[in-house]
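Engineer: Would you mind keeping the following structure in view while I ask a few things?
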Amino acid sequence: MAEELKSPVRRILLAAAGAALVLALVFAPDMAGEYRTLLLAQALIYAIAAISLDIVWGYTGIPDLGHAVWFGTGALAVALITGEVDASGMIMQTSTSPFAYIGAAVVGTIAAALLAAVVGWYACTRKASSFYIAIVGLALAFIAQPLYTQFPAITGGEQGLFGFKYDAISTRAW
């Protein structure tokens with residue numbers, strides 16, 4: 001059986017499996033309904049975070065104990081770009097353009113990458129060990145938590161931002 005799955009056959013099978021997955025995701029809104037589609041979108045967002053942690057920690061061997069900071073930085077950037085926040089952290093109004101969410105996702109990704117690059121520039125020196133990098137990541141997470149809670153007009157404080165209404169984005173767009 002292993003000899004049958006040579007390189008060209010394996011590539012064809014992987015391409016077919018990938019095409020089937022893409023088709024399933026394209027037609028999921030029609031088959032699953034609104035609630036399950038939103039759950040699927042949220043699961044895919046968390047899968048992206050998990051896969052990126054797997055790449056950083058699993059393949060490179062760099063223990064990233066502050067990975068949630070990068071995820072949170074991007075999410076906060078998207079929320080602030082697409083919504084208007086009052087002093088209590090309530091989202092008063094969200095953008096009506098689906099393109100605003102795409103642009104906000106790009107800006108959020110860039111914001112998280114820039115923050116990670118700045119921290120990485122200082123943490124990943126020639127003499128840095130994996131232990132040192134892990135401690136820097138853990139310290140960053142401990143620093144980010146009080147910063148997040150001390151600015152409720154921007155971050156929503158301890159309760160986070162709430163009140164999002166995604167009327168501008170259809171289930172299919174999700």
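In the structure tokens, chains take letters A, B, ... by order of appearance, with residues numbered from 1 within each chain and ligands from 1 in the order shown.
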Which residues come within 9 Å of region 126-142 of chain A, counting only C-alpha atoms, excluding same-chain residues fewer than 5 positions away, as number ranges by chain?

Structural biologist: A: 61-69, 119-120

Engineer: Based on DSSP run over this structure's backbone, return all residues of region 86-142 of chain A in helix (DSSP H, G or I), as number ranges by chain.

Structural biologist: A: 98-123, 130-142

Engineer: Write down as a list in words the residues of chain A whose backbone DSSP state falls under strand (DSSP E or B).

Structural biologist: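 Reading the DSSP output for chain A, strand (DSSP E or B) covers Gly83, Glu84, Val85, Met90, Ile91, Met92, Gln93, Thr94 and Phe162 of chain A.
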
Engineer: Which distance in Å separates CA of Ala47 (chain A) and CA of Gly160 (chain A), to one decimal?

Structural biologist: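 Calculated distance between CA of Ala47 (chain A) and CA of Gly160 (chain A) is 21.6 Å.
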
Engineer: Excluding same-chain residues fewer than 5 positions from Ser95 (chain A), what lies within 7 Å of it counting only C-alpha atoms, as a JSON list (two decimals) with all heavy atoms, in the first residue's frame?

Structural biologist:
[["chain", "number", "residue", "atom", "x", "y", "z"],
["A", 82, "THR", "N", -13.09, 48.81, 13.22],
["A", 82, "THR", "CA", -14.43, 48.59, 12.66],
["A", 82, "THR", "C", -15.56, 49.06, 13.57],
["A", 82, "THR", "O", -16.72, 49.02, 13.15],
["A", 82, "THR", "CB", -14.64, 47.10, 12.36],
["A", 82, "THR", "OG1", -14.49, 46.34, 13.56],
["A", 82, "THR", "CG2", -13.68, 46.62, 11.30],
["A", 83, "GLY", "N", -15.26, 49.50, 14.77],
["A", 83, "GLY", "CA", -16.33, 49.93, 15.67],
["A", 83, "GLY", "C", -15.99, 51.20, 16.42],
["A", 83, "GLY", "O", -14.83, 51.57, 16.54],
["A", 100, "ALA", "N", -14.30, 47.09, 5.03],
["A", 100, "ALA", "CA", -13.66, 47.63, 6.23],
["A", 100, "ALA", "C", -13.12, 46.51, 7.11],
["A", 100, "ALA", "O", -12.06, 46.64, 7.71],
["A", 100, "ALA", "CB", -14.64, 48.49, 7.01]]

Engineer: Nearest residue to Gly156 (chain A) out of A:Ala24, A:Leu38, A:Leu13, A:Ala79, using only C-alpha atoms?

Structural biologist: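 Looking at the shortest contact to Gly156 (chain A), the residue is A:Ala79.
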